Amino acid sequence: MVSKLVLLEERLAMAFFAGTSIFVLIGAITRTAGSPVIWAVDLAQLCFAWACVLGADLALKKNAHIEIDIVIRNFSVTARRYLAIIWLIAIAAFLAMLTWYGTQLTLMNTERVLGDVGISYSWVTGAIPTGCALMLATTLKRLYRGMTGRERLSLEGHDGTVI
């Protein structure tokens with residue numbers, strides 16, 4: 001069963017992706033018509049940033065990120081499990097760092113204006129710490145579930161195949 005928060009995250013990601021497409025289309029049509037609207041590009045950028053980070057977290061929740069396993073495919077299941085734990089710890093450290101520095105970047109951009117839209121550019125840069133915090137929570141949850149035996153940790157795709 002998909003939780004309501006995951007469902008909300010999926011819908012927001014789809015809405016931001018749709019917004020990106022709509023604003024790019026508006027920009028292209030108005031530019032072709034000879035009367036370009038600058039704000040469409042700015043809003044497309046905003047929507048795209050949010051769609052990317054929300055989509056990345058959703059893919060992490062489903063263990064659907066691409067994996068290249070040419071080195072580890074011949075390792076034992078136990079070795080792959082330990083490597084998966086090490087990778088999740090490294091990923092968590094990296095995401096924590098991005099959350100910290102992304103928050104600082106967002107706070108530095110509060111006074112900067114997003115093009116002709118008139119809103120703070122921090123709405124764009126805020127996607128990074130927000131998305132990284134979501135992915136950090138997902139990573140820590142997967143690590144905990146893997147260490148307690150509730151999830152199988154190995155360096156394999158979500159369907160169990162090794163590419």
# chains A, B, ... in the order shown; residues from 1 in each chain; ligands from 1
>>> residues_around(residues="A:Ala51", least_positions_apart="3", cutoff="9 Å", atoms="only C-alpha atoms", output="list in words")
Leu12, Ala13, Met14, Ala15, Phe16, Phe17, Ala18, Thr20, Leu46, Cys47, Phe48, Leu54, Gly55, Ala56 and Ala127 of chain A
>>> closest_residue(among="A:Arg142, A:Arg73, A:Arg11, A:Arg80", to="A:Leu60", atoms="only C-alpha atoms")
A:Arg142
>>> closest_residue(among="A:Ile89, A:Leu58, A:Cys132, A:Ile70", to="A:Leu7", atoms="only C-alpha atoms")
A:Leu58
>>> atom_distance(atom1="atom CA of A:Leu140", atom2="atom CA of A:Trp50")
21.5 Å
>>> select_by_dssp(residues="stretch 13-149 of chain A", states="helix (DSSP H, G or I)", output="PyMOL selection string")
chain A and resi 13-32+38-61+77-108+122-125+127-147
>>> residues_around(residues="A:Trp100", least_positions_apart="5", cutoff="10 Å", atoms="only C-alpha atoms", output="ChimeraX atom specification")
/A:94-95,105,128-129,132-133
>>> closest_residue(among="A:Thr110, A:Thr148, A:Thr103, A:Thr32", to="A:Gly131", atoms="only C-alpha atoms")
A:Thr103
>>> atom_distance(atom1="atom CA of A:Leu136", atom2="atom CA of A:Ile91")
7.9 Å
>>> closest_residue(among="A:Trp123, A:Glu111, A:Thr139, A:Ile66", to="A:Ala96", atoms="only C-alpha atoms")
A:Thr139
>>> closest_residue(among="A:Ala90, A:Thr125, A:Val37, A:Lys62", to="A:Glu10", atoms="only C-alpha atoms")
A:Lys62
>>> atom_distance(atom1="atom CA of A:Leu143", atom2="atom CA of A:Gly126")
25.6 Å
>>> closest_residue(among="A:Arg81, A:Arg112, A:Lys61, A:Arg152", to="A:Thr138", atoms="only C-alpha atoms")
A:Lys61
>>> decode(residues="stretch 34-142 of chain A", atoms="C-alpha atoms", output="tab-separated table (two decimals), in the first residue's frame")
chain	number	residue	atom	x	y	z
A	34	GLY	CA	6.97	37.03	-32.38
A	35	SER	CA	5.94	38.06	-28.88
A	36	PRO	CA	7.99	35.97	-26.44
A	37	VAL	CA	7.10	35.83	-22.76
A	38	ILE	CA	10.19	35.60	-20.60
A	39	TRP	CA	8.38	34.36	-17.50
A	40	ALA	CA	7.52	31.02	-19.17
A	41	VAL	CA	11.19	30.01	-19.20
A	42	ASP	CA	11.62	31.01	-15.56
A	43	LEU	CA	8.59	29.02	-14.44
A	44	ALA	CA	9.69	26.04	-16.56
A	45	GLN	CA	13.04	26.15	-14.75
A	46	LEU	CA	11.30	26.23	-11.38
A	47	CYS	CA	9.00	23.33	-12.24
A	48	PHE	CA	11.82	21.28	-13.75
A	49	ALA	CA	14.02	21.58	-10.65
A	50	TRP	CA	11.20	20.36	-8.42
A	51	ALA	CA	10.16	17.58	-10.82
A	52	CYS	CA	13.75	16.29	-10.91
A	53	VAL	CA	14.29	16.09	-7.16
A	54	LEU	CA	10.87	14.62	-6.42
A	55	GLY	CA	11.30	12.10	-9.24
A	56	ALA	CA	14.75	11.15	-7.95
A	57	ASP	CA	13.32	10.43	-4.50
A	58	LEU	CA	10.48	8.38	-5.97
A	59	ALA	CA	12.98	6.33	-8.00
A	60	LEU	CA	15.06	5.81	-4.86
A	61	LYS	CA	11.98	4.60	-2.98
A	62	LYS	CA	11.41	1.99	-5.72
A	63	ASN	CA	15.13	1.13	-6.03
A	64	ALA	CA	14.87	2.04	-9.70
A	65	HIS	CA	18.03	4.08	-10.19
A	66	ILE	CA	20.46	2.75	-12.77
A	67	GLU	CA	23.18	0.50	-11.43
A	68	ILE	CA	26.35	-0.60	-13.14
A	69	ASP	CA	27.53	-3.81	-11.55
A	70	ILE	CA	30.25	-5.09	-13.84
A	71	VAL	CA	32.71	-5.26	-10.93
A	72	ILE	CA	30.46	-6.69	-8.22
A	73	ARG	CA	28.30	-9.11	-10.17
A	74	ASN	CA	30.60	-12.01	-9.35
A	75	PHE	CA	30.70	-11.23	-5.62
A	76	SER	CA	28.79	-13.37	-3.18
A	77	VAL	CA	25.38	-12.27	-1.93
A	78	THR	CA	26.88	-11.50	1.48
A	79	ALA	CA	29.62	-9.33	-0.03
A	80	ARG	CA	27.06	-7.46	-2.14
A	81	ARG	CA	24.94	-6.87	0.97
A	82	TYR	CA	27.90	-5.34	2.83
A	83	LEU	CA	28.77	-3.22	-0.19
A	84	ALA	CA	25.15	-2.07	-0.41
A	85	ILE	CA	25.33	-0.99	3.25
A	86	ILE	CA	28.56	0.90	2.58
A	87	TRP	CA	27.02	2.59	-0.49
A	88	LEU	CA	23.90	3.59	1.44
A	89	ILE	CA	26.04	5.11	4.20
A	90	ALA	CA	28.09	7.01	1.61
A	91	ILE	CA	24.91	8.16	-0.14
A	92	ALA	CA	23.43	9.29	3.18
A	93	ALA	CA	26.56	11.30	4.00
A	94	PHE	CA	26.53	12.93	0.56
A	95	LEU	CA	22.81	13.76	0.79
A	96	ALA	CA	23.27	15.21	4.28
A	97	MET	CA	26.04	17.44	2.92
A	98	LEU	CA	23.87	18.54	-0.03
A	99	THR	CA	20.97	19.26	2.33
A	100	TRP	CA	23.22	21.43	4.52
A	101	TYR	CA	24.89	23.37	1.70
A	102	GLY	CA	21.68	23.53	-0.35
A	103	THR	CA	19.91	25.14	2.58
A	104	GLN	CA	22.68	27.72	2.84
A	105	LEU	CA	22.43	28.39	-0.90
A	106	THR	CA	18.67	28.77	-0.64
A	107	LEU	CA	19.02	31.27	2.22
A	108	MET	CA	21.59	33.24	0.20
A	109	ASN	CA	19.13	33.46	-2.72
A	110	THR	CA	16.13	34.82	-0.82
A	111	GLU	CA	16.76	38.36	-2.07
A	112	ARG	CA	17.48	37.29	-5.66
A	113	VAL	CA	14.45	37.59	-7.94
A	114	LEU	CA	13.52	34.86	-10.41
A	115	GLY	CA	13.59	36.68	-13.75
A	116	ASP	CA	10.38	38.50	-14.62
A	117	VAL	CA	8.21	36.38	-12.34
A	118	GLY	CA	8.94	38.50	-9.29
A	119	ILE	CA	9.28	35.66	-6.79
A	120	SER	CA	12.39	34.72	-4.87
A	121	TYR	CA	14.95	32.56	-6.66
A	122	SER	CA	15.11	30.56	-3.43
A	123	TRP	CA	12.01	28.72	-4.68
A	124	VAL	CA	14.25	27.20	-7.36
A	125	THR	CA	17.31	26.55	-5.19
A	126	GLY	CA	15.08	25.26	-2.39
A	127	ALA	CA	14.38	22.19	-4.50
A	128	ILE	CA	17.89	20.88	-3.82
A	129	PRO	CA	17.84	20.74	-0.01
A	130	THR	CA	14.21	19.61	0.00
A	131	GLY	CA	14.82	16.81	-2.48
A	132	CYS	CA	18.05	15.78	-0.77
A	133	ALA	CA	16.33	15.71	2.62
A	134	LEU	CA	13.59	13.48	1.16
A	135	MET	CA	16.20	11.20	-0.42
A	136	LEU	CA	18.18	11.16	2.85
A	137	ALA	CA	15.07	10.02	4.72
A	138	THR	CA	14.46	7.34	2.08
A	139	THR	CA	18.10	6.20	2.22
A	140	LEU	CA	18.12	6.01	6.01
A	141	LYS	CA	14.83	4.10	5.96
A	142	ARG	CA	16.21	1.61	3.43
